[in-house]
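This report refers to the structure that appears directly beneath it.
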Amino acid sequence: MDDSDKKEEKSNFEKIEDLTERALFGGRWFLAPVFLGLIVVLFAILIKFIMMLIAFIPNIFTFSFDEITMNVLNILDLSLLGNLVLIVTFSGYENFVSKIDIAQKHVDRPSWMGNLDFSGLKLKIIGSVVAISLIELLKDFLEVASLDPNIIFWRIMLHLTFVFSGLIFAIMEYVADKRETE
């Protein structure tokens with residue numbers, strides 16, 4: 001086997017490697033419909049938010065304090081859920097598919113957009129989950145007389161698990177950042 005055969009063989013291997021890498025890199029676009037689907041989910045959250053607001057506002061003068069608090073907590077839940085969907089949509093798209101060029105110079109571009117890496121995204125997600133879990137516990141507190149103590153116990157355990165997981169994620173990120181700067 002002479003040098004020209006080796007070059008041709010290597011050239012064929014490089015072509016296969018190049019084709020494989022192009023396919024892998026292009027495969028990221030399979031996520032684009034997922035992120036578009038999350039925008040549909042965000043629209044559904046908006047519809048539910050409007051429905052809750054329309055049901056809440058006319059009755060505000062007849063609701064007890066606990067009923068007002070419960071309705072506000074439900075609306076906050078939807079708001080946090082919408083924020084979570086938006087953060088995952090923007091960050092996921094920018095981290096895994098493509099930069100959102102149209103937003104680069106836009107005055108309303110969120111400060112975290114384009115700066116939130118996968119690690120930061122995990123922390124934002126767990127923070128949102130903890131906040132949503134906390135709101136659910138507040139709702140339970142308002143209905144404590146009608147809830148089974150066993151259910152309350154397990155909801156508190158689940159919330160503490162989310163908090164603990166968030167702390168572990170944060171510690172892992174802190175340690176990883178320390179190792180990178182050393």
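FYI, nothing fancy with the structure tokens labels: chains A, B, ... in order, residues from 1 per chain, ligands from 1 as they appear.
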
Would you list the contacts of range 44-53 of chain A as a JSON list (two decimals) with all heavy atoms, in the first residue's frame, taking every protein, DNA or RNA residue within 12 Å and counting only C-alpha atoms, but skipping same-chain residues closer than 3 positions in sequence?
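New file around_13.json:
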[["chain", "number", "residue", "atom", "x", "y", "z"],
["A", 37, "GLY", "N", -43.33, 23.87, 20.76],
["A", 37, "GLY", "CA", -44.41, 23.29, 21.56],
["A", 37, "GLY", "C", -44.51, 23.94, 22.93],
["A", 37, "GLY", "O", -45.61, 24.12, 23.47],
["A", 38, "LEU", "N", -43.37, 24.31, 23.51],
["A", 38, "LEU", "CA", -43.39, 24.99, 24.81],
["A", 38, "LEU", "C", -44.04, 26.37, 24.70],
["A", 38, "LEU", "O", -44.67, 26.84, 25.66],
["A", 38, "LEU", "CB", -41.98, 25.09, 25.38],
["A", 38, "LEU", "CG", -41.39, 23.78, 25.90],
["A", 38, "LEU", "CD1", -39.94, 23.98, 26.35],
["A", 38, "LEU", "CD2", -42.23, 23.23, 27.04],
["A", 39, "ILE", "N", -43.92, 27.02, 23.54],
["A", 39, "ILE", "CA", -44.61, 28.29, 23.34],
["A", 39, "ILE", "C", -46.12, 28.07, 23.31],
["A", 39, "ILE", "O", -46.88, 28.86, 23.86],
["A", 39, "ILE", "CB", -44.11, 28.99, 22.04],
["A", 39, "ILE", "CG1", -42.63, 29.35, 22.16],
["A", 39, "ILE", "CG2", -44.95, 30.22, 21.72],
["A", 39, "ILE", "CD1", -42.29, 30.27, 23.32],
["A", 40, "VAL", "N", -46.56, 26.95, 22.72],
["A", 40, "VAL", "CA", -47.98, 26.59, 22.75],
["A", 40, "VAL", "C", -48.42, 26.37, 24.20],
["A", 40, "VAL", "O", -49.50, 26.81, 24.61],
["A", 40, "VAL", "CB", -48.26, 25.36, 21.86],
["A", 40, "VAL", "CG1", -49.70, 24.88, 22.02],
["A", 40, "VAL", "CG2", -47.94, 25.67, 20.40],
["A", 41, "VAL", "N", -47.58, 25.69, 24.99],
["A", 41, "VAL", "CA", -47.88, 25.47, 26.41],
["A", 41, "VAL", "C", -47.99, 26.81, 27.14],
["A", 41, "VAL", "O", -48.88, 27.01, 27.97],
["A", 41, "VAL", "CB", -46.79, 24.58, 27.06],
["A", 41, "VAL", "CG1", -46.91, 24.57, 28.57],
["A", 41, "VAL", "CG2", -46.87, 23.16, 26.51],
["A", 56, "PHE", "N", -62.01, 35.39, 39.27],
["A", 56, "PHE", "CA", -61.61, 35.97, 40.54],
["A", 56, "PHE", "C", -62.11, 37.41, 40.73],
["A", 56, "PHE", "O", -62.70, 37.73, 41.76],
["A", 56, "PHE", "CB", -60.08, 35.93, 40.64],
["A", 56, "PHE", "CG", -59.49, 36.63, 41.82],
["A", 56, "PHE", "CD1", -59.79, 36.23, 43.12],
["A", 56, "PHE", "CD2", -58.63, 37.70, 41.65],
["A", 56, "PHE", "CE1", -59.24, 36.88, 44.21],
["A", 56, "PHE", "CE2", -58.07, 38.35, 42.73],
["A", 56, "PHE", "CZ", -58.38, 37.94, 44.02],
["A", 57, "ILE", "N", -61.89, 38.26, 39.77],
["A", 57, "ILE", "CA", -62.16, 39.69, 39.90],
["A", 57, "ILE", "C", -63.61, 40.01, 40.29],
["A", 57, "ILE", "O", -63.84, 40.76, 41.23],
["A", 57, "ILE", "CB", -61.73, 40.46, 38.63],
["A", 57, "ILE", "CG1", -60.22, 40.35, 38.42],
["A", 57, "ILE", "CG2", -62.18, 41.92, 38.67],
["A", 57, "ILE", "CD1", -59.38, 40.95, 39.52],
["A", 58, "PRO", "N", -64.62, 39.45, 39.61],
["A", 58, "PRO", "CA", -66.00, 39.82, 39.97],
["A", 58, "PRO", "C", -66.40, 39.41, 41.40],
["A", 58, "PRO", "O", -67.30, 39.99, 41.99],
["A", 58, "PRO", "CB", -66.86, 39.06, 38.96],
["A", 58, "PRO", "CG", -65.96, 38.66, 37.86],
["A", 58, "PRO", "CD", -64.59, 38.57, 38.44],
["A", 59, "ASN", "N", -65.72, 38.42, 41.95],
["A", 59, "ASN", "CA", -66.08, 37.90, 43.27],
["A", 59, "ASN", "C", -65.20, 38.43, 44.39],
["A", 59, "ASN", "O", -65.34, 38.00, 45.54],
["A", 59, "ASN", "CB", -66.03, 36.37, 43.25],
["A", 59, "ASN", "CG", -67.02, 35.79, 42.29],
["A", 59, "ASN", "OD1", -68.19, 36.16, 42.30],
["A", 59, "ASN", "ND2", -66.56, 34.88, 41.45],
["A", 60, "ILE", "N", -64.31, 39.33, 44.10],
["A", 60, "ILE", "CA", -63.32, 39.76, 45.08],
["A", 60, "ILE", "C", -63.97, 40.36, 46.34],
["A", 60, "ILE", "O", -63.46, 40.20, 47.44],
["A", 60, "ILE", "CB", -62.29, 40.72, 44.46],
["A", 60, "ILE", "CG1", -61.07, 40.83, 45.37],
["A", 60, "ILE", "CG2", -62.90, 42.07, 44.17],
["A", 60, "ILE", "CD1", -59.84, 41.33, 44.69],
["A", 68, "ILE", "N", -59.43, 34.80, 48.94],
["A", 68, "ILE", "CA", -58.61, 35.73, 48.14],
["A", 68, "ILE", "C", -57.17, 35.21, 48.09],
["A", 68, "ILE", "O", -56.56, 35.16, 47.02],
["A", 68, "ILE", "CB", -58.67, 37.16, 48.73],
["A", 68, "ILE", "CG1", -60.05, 37.76, 48.49],
["A", 68, "ILE", "CG2", -57.59, 38.05, 48.11],
["A", 68, "ILE", "CD1", -60.27, 39.10, 49.20],
["A", 70, "MET", "N", -56.09, 32.17, 48.48],
["A", 70, "MET", "CA", -56.02, 30.96, 47.67],
["A", 70, "MET", "C", -56.03, 31.30, 46.17],
["A", 70, "MET", "O", -55.23, 30.74, 45.40],
["A", 70, "MET", "CB", -57.20, 30.04, 48.00],
["A", 70, "MET", "CG", -57.11, 28.69, 47.36],
["A", 70, "MET", "SD", -55.76, 27.68, 47.99],
["A", 70, "MET", "CE", -56.39, 27.25, 49.57],
["A", 71, "ASN", "N", -56.87, 32.22, 45.76],
["A", 71, "ASN", "CA", -56.92, 32.62, 44.35],
["A", 71, "ASN", "C", -55.62, 33.30, 43.92],
["A", 71, "ASN", "O", -55.11, 33.03, 42.83],
["A", 71, "ASN", "CB", -58.12, 33.55, 44.10],
["A", 71, "ASN", "CG", -59.40, 32.77, 43.91],
["A", 71, "ASN", "OD1", -59.67, 32.27, 42.84],
["A", 71, "ASN", "ND2", -60.19, 32.68, 44.98],
["A", 72, "VAL", "N", -55.09, 34.16, 44.77],
["A", 72, "VAL", "CA", -53.83, 34.83, 44.44],
["A", 72, "VAL", "C", -52.70, 33.80, 44.34],
["A", 72, "VAL", "O", -51.86, 33.88, 43.43],
["A", 72, "VAL", "CB", -53.51, 35.94, 45.48],
["A", 72, "VAL", "CG1", -52.10, 36.46, 45.30],
["A", 72, "VAL", "CG2", -54.52, 37.07, 45.37],
["A", 73, "LEU", "N", -52.67, 32.84, 45.25],
["A", 73, "LEU", "CA", -51.65, 31.79, 45.19],
["A", 73, "LEU", "C", -51.76, 30.97, 43.90],
["A", 73, "LEU", "O", -50.75, 30.61, 43.29],
["A", 73, "LEU", "CB", -51.72, 30.89, 46.42],
["A", 73, "LEU", "CG", -51.27, 31.52, 47.74],
["A", 73, "LEU", "CD1", -51.53, 30.56, 48.90],
["A", 73, "LEU", "CD2", -49.81, 31.91, 47.69],
["A", 74, "ASN", "N", -52.99, 30.69, 43.48],
["A", 74, "ASN", "CA", -53.19, 29.97, 42.21],
["A", 74, "ASN", "C", -52.67, 30.78, 41.03],
["A", 74, "ASN", "O", -52.04, 30.24, 40.12],
["A", 74, "ASN", "CB", -54.66, 29.63, 42.01],
["A", 74, "ASN", "CG", -55.11, 28.47, 42.87],
["A", 74, "ASN", "OD1", -54.33, 27.58, 43.18],
["A", 74, "ASN", "ND2", -56.37, 28.49, 43.27],
["A", 75, "ILE", "N", -52.93, 32.08, 41.04],
["A", 75, "ILE", "CA", -52.45, 32.96, 39.97],
["A", 75, "ILE", "C", -50.93, 33.05, 40.01],
["A", 75, "ILE", "O", -50.28, 33.01, 38.96],
["A", 75, "ILE", "CB", -53.13, 34.35, 40.07],
["A", 75, "ILE", "CG1", -54.61, 34.21, 39.69],
["A", 75, "ILE", "CG2", -52.43, 35.37, 39.20],
["A", 75, "ILE", "CD1", -55.46, 35.44, 39.99],
["A", 76, "LEU", "N", -50.35, 33.14, 41.20],
["A", 76, "LEU", "CA", -48.88, 33.14, 41.32],
["A", 76, "LEU", "C", -48.28, 31.83, 40.80],
["A", 76, "LEU", "O", -47.23, 31.84, 40.16],
["A", 76, "LEU", "CB", -48.46, 33.35, 42.77],
["A", 76, "LEU", "CG", -48.60, 34.77, 43.31],
["A", 76, "LEU", "CD1", -48.30, 34.79, 44.80],
["A", 76, "LEU", "CD2", -47.68, 35.71, 42.56],
["A", 77, "ASP", "N", -48.94, 30.72, 41.10],
["A", 77, "ASP", "CA", -48.50, 29.42, 40.60],
["A", 77, "ASP", "C", -48.39, 29.44, 39.07],
["A", 77, "ASP", "O", -47.40, 28.99, 38.50],
["A", 77, "ASP", "CB", -49.50, 28.33, 40.99],
["A", 77, "ASP", "CG", -48.96, 27.39, 42.04],
["A", 77, "ASP", "OD1", -47.76, 27.47, 42.35],
["A", 77, "ASP", "OD2", -49.75, 26.57, 42.53],
["A", 78, "LEU", "N", -49.43, 29.95, 38.43],
["A", 78, "LEU", "CA", -49.42, 30.02, 36.97],
["A", 78, "LEU", "C", -48.32, 30.94, 36.46],
["A", 78, "LEU", "O", -47.67, 30.65, 35.46],
["A", 78, "LEU", "CB", -50.78, 30.50, 36.44],
["A", 78, "LEU", "CG", -51.85, 29.44, 36.34],
["A", 78, "LEU", "CD1", -53.16, 30.05, 35.85],
["A", 78, "LEU", "CD2", -51.43, 28.32, 35.41],
["A", 79, "SER", "N", -48.12, 32.05, 37.16],
["A", 79, "SER", "CA", -47.07, 32.98, 36.77],
["A", 79, "SER", "C", -45.69, 32.32, 36.85],
["A", 79, "SER", "O", -44.88, 32.43, 35.93],
["A", 79, "SER", "CB", -47.11, 34.22, 37.67],
["A", 79, "SER", "OG", -46.02, 35.04, 37.44],
["A", 80, "LEU", "N", -45.43, 31.64, 37.96],
["A", 80, "LEU", "CA", -44.15, 30.94, 38.11],
["A", 80, "LEU", "C", -43.99, 29.83, 37.07],
["A", 80, "LEU", "O", -42.90, 29.64, 36.53],
["A", 80, "LEU", "CB", -44.03, 30.36, 39.52],
["A", 80, "LEU", "CG", -43.79, 31.36, 40.64],
["A", 80, "LEU", "CD1", -43.93, 30.70, 42.00],
["A", 80, "LEU", "CD2", -42.41, 31.99, 40.49],
["A", 81, "LEU", "N", -45.06, 29.14, 36.79],
["A", 81, "LEU", "CA", -45.01, 28.08, 35.79],
["A", 81, "LEU", "C", -44.72, 28.68, 34.41],
["A", 81, "LEU", "O", -43.90, 28.15, 33.66],
["A", 81, "LEU", "CB", -46.34, 27.31, 35.77],
["A", 81, "LEU", "CG", -46.40, 26.08, 34.89],
["A", 81, "LEU", "CD1", -45.34, 25.06, 35.29],
["A", 81, "LEU", "CD2", -47.79, 25.47, 34.95],
["A", 82, "GLY", "N", -45.35, 29.80, 34.10],
["A", 82, "GLY", "CA", -45.08, 30.48, 32.82],
["A", 82, "GLY", "C", -43.64, 30.95, 32.74],
["A", 82, "GLY", "O", -42.99, 30.80, 31.70],
["A", 83, "ASN", "N", -43.12, 31.51, 33.84],
["A", 83, "ASN", "CA", -41.72, 31.93, 33.86],
["A", 83, "ASN", "C", -40.79, 30.74, 33.62],
["A", 83, "ASN", "O", -39.82, 30.85, 32.87],
["A", 83, "ASN", "CB", -41.36, 32.56, 35.21],
["A", 83, "ASN", "CG", -42.00, 33.90, 35.42],
["A", 83, "ASN", "OD1", -42.38, 34.57, 34.48],
["A", 83, "ASN", "ND2", -42.13, 34.30, 36.67],
["A", 84, "LEU", "N", -41.10, 29.63, 34.25],
["A", 84, "LEU", "CA", -40.29, 28.43, 34.10],
["A", 84, "LEU", "C", -40.29, 27.95, 32.65],
["A", 84, "LEU", "O", -39.24, 27.64, 32.08],
["A", 84, "LEU", "CB", -40.80, 27.33, 35.03],
["A", 84, "LEU", "CG", -40.09, 25.99, 35.00],
["A", 84, "LEU", "CD1", -38.63, 26.15, 35.37],
["A", 84, "LEU", "CD2", -40.77, 25.02, 35.93],
["A", 85, "VAL", "N", -41.47, 27.92, 32.03],
["A", 85, "VAL", "CA", -41.57, 27.49, 30.63],
["A", 85, "VAL", "C", -40.76, 28.42, 29.73],
["A", 85, "VAL", "O", -40.03, 27.98, 28.84],
["A", 85, "VAL", "CB", -43.05, 27.41, 30.18],
["A", 85, "VAL", "CG1", -43.16, 27.22, 28.68],
["A", 85, "VAL", "CG2", -43.77, 26.29, 30.91],
["A", 86, "LEU", "N", -40.86, 29.72, 29.97],
["A", 86, "LEU", "CA", -40.14, 30.69, 29.15],
["A", 86, "LEU", "C", -38.62, 30.56, 29.31],
["A", 86, "LEU", "O", -37.88, 30.57, 28.32],
["A", 86, "LEU", "CB", -40.58, 32.11, 29.51],
["A", 86, "LEU", "CG", -40.19, 33.20, 28.52],
["A", 86, "LEU", "CD1", -40.86, 32.96, 27.18],
["A", 86, "LEU", "CD2", -40.57, 34.55, 29.07]]

Revision key, fill the gap. Using only C-alpha atoms, the shortest atom-to-atom distance to Phe30 in chain A among A:Val97, A:Val130, A:Val88, A:Ile171 belongs to A:Val97

Check your understanding: In terms of the shortest atom-to-atom distance over only C-alpha atoms, which of A:Arg22, A:His159, A:Lys99, A:Arg28 is closest to Ser128 in chain A?
Key ->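 Between A:Arg22, A:His159, A:Lys99, A:Arg28, the residue approaching Ser128 in chain A most closely is A:His159.
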
Exercise for review: Pick out the closest residue to Leu134 in chain A from this set: A:Pro149, A:Leu160, A:Met172, A:Ser11. Count only C-alpha atoms.
Suggested key: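 Selected residue with least distance to Leu134 in chain A: A:Leu160.
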
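Of the listed residues A:Gly127, A:Gly114, A:Gly120, A:Gly92, the one whose atoms come nearest to Leu36 in chain A is A:Gly92, with distances taken using only C-alpha atoms.
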
Check your understanding: Restricting the calculation to only C-alpha atoms, which member of A:Phe169, A:Phe25, A:Phe63, A:Phe13 is positioned closest to Ser119 in chain A?
Key ->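 Using only C-alpha atoms, the shortest distance to Ser119 in chain A belongs to A:Phe169.
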
Practice item. Mind the document's chain letters and residue numbers, and return as an MDAnalysis selection string the residues of range 3-130 of chain A that DSSP labels helix (DSSP H, G or I). Key: chainID A and resid 3:59 65:96 101:103 118:130

Atoms kept (C-alpha atoms) for selection, written as a CSV table (one decimal), in the first residue's frame:
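To be explicit, this is the file written out as again-v7.csv:
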chain,number,residue,atom,x,y,z
A,3,ASP,CA,1.2,6.8,0.3
A,4,SER,CA,-1.5,7.7,-2.3
A,5,ASP,CA,-3.7,4.8,-1.1
A,6,LYS,CA,-3.2,5.9,2.5
A,7,LYS,CA,-4.2,9.5,1.6
A,8,GLU,CA,-7.2,8.3,-0.3
A,9,GLU,CA,-8.2,5.9,2.6
A,10,LYS,CA,-7.8,8.7,5.1
A,11,SER,CA,-9.7,11.0,2.8
A,12,ASN,CA,-12.6,8.6,2.7
A,13,PHE,CA,-12.5,8.3,6.5
A,14,GLU,CA,-12.5,12.1,6.9
A,15,LYS,CA,-15.5,12.3,4.6
A,16,ILE,CA,-17.4,9.8,6.7
A,17,GLU,CA,-16.4,11.6,9.8
A,18,ASP,CA,-17.4,14.9,8.4
A,19,LEU,CA,-20.8,13.5,7.3
A,20,THR,CA,-21.3,12.0,10.7
A,21,GLU,CA,-20.5,15.3,12.5
A,22,ARG,CA,-22.7,17.3,10.2
A,23,ALA,CA,-25.6,14.9,10.9
A,24,LEU,CA,-25.0,15.1,14.7
A,25,PHE,CA,-24.7,18.9,14.6
A,26,GLY,CA,-27.8,19.2,12.5
A,27,GLY,CA,-29.7,16.8,14.8
A,28,ARG,CA,-30.0,19.7,17.3
A,29,TRP,CA,-32.8,21.0,15.1
A,30,PHE,CA,-35.0,18.1,16.1
A,31,LEU,CA,-35.3,20.0,19.4
A,32,ALA,CA,-36.8,23.1,17.7
A,33,PRO,CA,-40.3,21.7,17.5
A,34,VAL,CA,-40.1,20.9,21.2
A,35,PHE,CA,-39.3,24.5,22.0
A,36,LEU,CA,-42.1,25.7,19.7
A,37,GLY,CA,-44.4,23.3,21.6
A,38,LEU,CA,-43.4,25.0,24.8
A,39,ILE,CA,-44.6,28.3,23.3
A,40,VAL,CA,-48.0,26.6,22.7
A,41,VAL,CA,-47.9,25.5,26.4
A,42,LEU,CA,-47.1,29.1,27.4
A,43,PHE,CA,-50.2,30.2,25.4
A,44,ALA,CA,-52.3,27.5,27.3
A,45,ILE,CA,-51.0,28.9,30.6
A,46,LEU,CA,-52.1,32.4,29.5
A,47,ILE,CA,-55.6,31.1,28.7
A,48,LYS,CA,-55.8,29.5,32.1
A,49,PHE,CA,-54.5,32.6,33.7
A,50,ILE,CA,-57.2,34.8,32.0
A,51,MET,CA,-59.9,32.3,33.0
A,52,MET,CA,-58.8,32.4,36.6
A,53,LEU,CA,-58.6,36.2,36.6
A,54,ILE,CA,-62.1,36.5,35.1
A,55,ALA,CA,-63.5,34.2,37.8
A,56,PHE,CA,-61.6,36.0,40.5
A,57,ILE,CA,-62.2,39.7,39.9
A,58,PRO,CA,-66.0,39.8,40.0
A,59,ASN,CA,-66.1,37.9,43.3
A,65,PHE,CA,-59.5,36.5,53.1
A,66,ASP,CA,-58.6,32.9,52.8
A,67,GLU,CA,-60.4,32.6,49.4
A,68,ILE,CA,-58.6,35.7,48.1
A,69,THR,CA,-55.3,34.3,49.3
A,70,MET,CA,-56.0,31.0,47.7
A,71,ASN,CA,-56.9,32.6,44.4
A,72,VAL,CA,-53.8,34.8,44.4
A,73,LEU,CA,-51.6,31.8,45.2
A,74,ASN,CA,-53.2,30.0,42.2
A,75,ILE,CA,-52.5,33.0,40.0
A,76,LEU,CA,-48.9,33.1,41.3
A,77,ASP,CA,-48.5,29.4,40.6
A,78,LEU,CA,-49.4,30.0,37.0
A,79,SER,CA,-47.1,33.0,36.8
A,80,LEU,CA,-44.2,30.9,38.1
A,81,LEU,CA,-45.0,28.1,35.8
A,82,GLY,CA,-45.1,30.5,32.8
A,83,ASN,CA,-41.7,31.9,33.9
A,84,LEU,CA,-40.3,28.4,34.1
A,85,VAL,CA,-41.6,27.5,30.6
A,86,LEU,CA,-40.1,30.7,29.1
A,87,ILE,CA,-36.7,30.2,30.8
A,88,VAL,CA,-36.5,26.6,29.6
A,89,THR,CA,-37.6,27.6,26.1
A,90,PHE,CA,-35.2,30.5,25.6
A,91,SER,CA,-32.2,28.9,27.4
A,92,GLY,CA,-32.8,25.4,25.9
A,93,TYR,CA,-33.1,26.8,22.4
A,94,GLU,CA,-30.0,29.1,22.8
A,95,ASN,CA,-27.9,26.4,24.5
A,96,PHE,CA,-28.8,23.5,22.3
A,101,ASP,CA,-30.4,36.6,16.6
A,102,ILE,CA,-33.5,38.8,16.5
A,103,ALA,CA,-33.2,39.4,20.3
A,118,PHE,CA,-27.0,24.4,31.3
A,119,SER,CA,-25.8,24.6,34.9
A,120,GLY,CA,-27.6,28.0,35.4
A,121,LEU,CA,-30.7,26.6,33.8
A,122,LYS,CA,-30.7,23.6,36.2
A,123,LEU,CA,-30.5,26.1,39.2
A,124,LYS,CA,-33.3,28.3,37.8
A,125,ILE,CA,-35.5,25.2,37.2
A,126,ILE,CA,-35.0,23.9,40.7
A,127,GLY,CA,-35.5,27.4,42.1
A,128,SER,CA,-38.8,27.6,40.3
A,129,VAL,CA,-39.9,24.1,41.4
A,130,VAL,CA,-39.1,25.0,45.0

Show which residues sit within 9 Å of Ile152 in chain A, as a PDB file with all heavy atoms, in the first residue's frame. Count only C-alpha atoms, and ignore same-chain residues fewer than 4 positions away.
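Now in out.pdb:
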ATOM      1  N   LEU A 137     -47.650  24.389  49.358  1.00  0.00           N
ATOM      2  CA  LEU A 137     -47.695  24.199  50.814  1.00  0.00           C
ATOM      3  C   LEU A 137     -48.487  25.311  51.497  1.00  0.00           C
ATOM      4  O   LEU A 137     -49.215  25.058  52.459  1.00  0.00           O
ATOM      5  CB  LEU A 137     -46.279  24.147  51.386  1.00  0.00           C
ATOM      6  CG  LEU A 137     -45.548  22.823  51.280  1.00  0.00           C
ATOM      7  CD1 LEU A 137     -44.144  22.934  51.853  1.00  0.00           C
ATOM      8  CD2 LEU A 137     -46.311  21.714  51.975  1.00  0.00           C
ATOM      9  N   ASP A 140     -52.003  24.451  51.125  1.00  0.00           N
ATOM     10  CA  ASP A 140     -52.335  23.390  52.081  1.00  0.00           C
ATOM     11  C   ASP A 140     -52.546  23.965  53.477  1.00  0.00           C
ATOM     12  O   ASP A 140     -53.449  23.547  54.196  1.00  0.00           O
ATOM     13  CB  ASP A 140     -51.224  22.339  52.142  1.00  0.00           C
ATOM     14  CG  ASP A 140     -51.171  21.469  50.901  1.00  0.00           C
ATOM     15  OD1 ASP A 140     -52.104  21.537  50.080  1.00  0.00           O
ATOM     16  OD2 ASP A 140     -50.180  20.729  50.750  1.00  0.00           O
ATOM     17  N   PHE A 141     -51.713  24.916  53.851  1.00  0.00           N
ATOM     18  CA  PHE A 141     -51.829  25.537  55.166  1.00  0.00           C
ATOM     19  C   PHE A 141     -53.194  26.202  55.331  1.00  0.00           C
ATOM     20  O   PHE A 141     -53.794  26.149  56.400  1.00  0.00           O
ATOM     21  CB  PHE A 141     -50.712  26.556  55.368  1.00  0.00           C
ATOM     22  CG  PHE A 141     -50.784  27.292  56.663  1.00  0.00           C
ATOM     23  CD1 PHE A 141     -50.478  26.661  57.859  1.00  0.00           C
ATOM     24  CD2 PHE A 141     -51.164  28.625  56.699  1.00  0.00           C
ATOM     25  CE1 PHE A 141     -50.554  27.333  59.060  1.00  0.00           C
ATOM     26  CE2 PHE A 141     -51.245  29.306  57.896  1.00  0.00           C
ATOM     27  CZ  PHE A 141     -50.939  28.659  59.085  1.00  0.00           C
ATOM     28  N   VAL A 144     -55.738  23.360  55.921  1.00  0.00           N
ATOM     29  CA  VAL A 144     -55.191  22.335  56.805  1.00  0.00           C
ATOM     30  C   VAL A 144     -56.276  21.513  57.505  1.00  0.00           C
ATOM     31  O   VAL A 144     -56.095  20.313  57.729  1.00  0.00           O
ATOM     32  CB  VAL A 144     -54.195  22.948  57.819  1.00  0.00           C
ATOM     33  CG1 VAL A 144     -54.904  23.738  58.901  1.00  0.00           C
ATOM     34  CG2 VAL A 144     -53.306  21.879  58.406  1.00  0.00           C
ATOM     35  N   LEU A 147     -57.456  18.589  55.172  1.00  0.00           N
ATOM     36  CA  LEU A 147     -56.467  17.683  54.580  1.00  0.00           C
ATOM     37  C   LEU A 147     -56.033  16.594  55.556  1.00  0.00           C
ATOM     38  O   LEU A 147     -55.950  16.819  56.757  1.00  0.00           O
ATOM     39  CB  LEU A 147     -55.228  18.458  54.125  1.00  0.00           C
ATOM     40  CG  LEU A 147     -55.382  19.288  52.861  1.00  0.00           C
ATOM     41  CD1 LEU A 147     -54.093  20.050  52.592  1.00  0.00           C
ATOM     42  CD2 LEU A 147     -55.714  18.418  51.664  1.00  0.00           C
ATOM     43  N   ASP A 148     -55.738  15.446  55.002  1.00  0.00           N
ATOM     44  CA  ASP A 148     -55.222  14.323  55.762  1.00  0.00           C
ATOM     45  C   ASP A 148     -53.794  14.658  56.210  1.00  0.00           C
ATOM     46  O   ASP A 148     -52.964  15.054  55.395  1.00  0.00           O
ATOM     47  CB  ASP A 148     -55.235  13.091  54.850  1.00  0.00           C
ATOM     48  CG  ASP A 148     -54.667  11.843  55.494  1.00  0.00           C
ATOM     49  OD1 ASP A 148     -54.337  11.874  56.698  1.00  0.00           O
ATOM     50  OD2 ASP A 148     -54.554  10.826  54.778  1.00  0.00           O
ATOM     51  N   ILE A 156     -44.783  18.051  52.582  1.00  0.00           N
ATOM     52  CA  ILE A 156     -43.650  18.743  53.215  1.00  0.00           C
ATOM     53  C   ILE A 156     -42.348  18.002  52.883  1.00  0.00           C
ATOM     54  O   ILE A 156     -41.339  18.628  52.564  1.00  0.00           O
ATOM     55  CB  ILE A 156     -43.857  18.865  54.742  1.00  0.00           C
ATOM     56  CG1 ILE A 156     -44.979  19.855  55.039  1.00  0.00           C
ATOM     57  CG2 ILE A 156     -42.568  19.289  55.439  1.00  0.00           C
ATOM     58  CD1 ILE A 156     -45.429  19.875  56.488  1.00  0.00           C
ATOM     59  N   MET A 157     -42.382  16.678  52.942  1.00  0.00           N
ATOM     60  CA  MET A 157     -41.194  15.886  52.604  1.00  0.00           C
ATOM     61  C   MET A 157     -40.769  16.130  51.153  1.00  0.00           C
ATOM     62  O   MET A 157     -39.578  16.269  50.858  1.00  0.00           O
ATOM     63  CB  MET A 157     -41.444  14.390  52.828  1.00  0.00           C
ATOM     64  CG  MET A 157     -41.559  13.989  54.284  1.00  0.00           C
ATOM     65  SD  MET A 157     -40.036  14.295  55.203  1.00  0.00           S
ATOM     66  CE  MET A 157     -40.469  15.714  56.144  1.00  0.00           C
TER      67      MET A 157
END
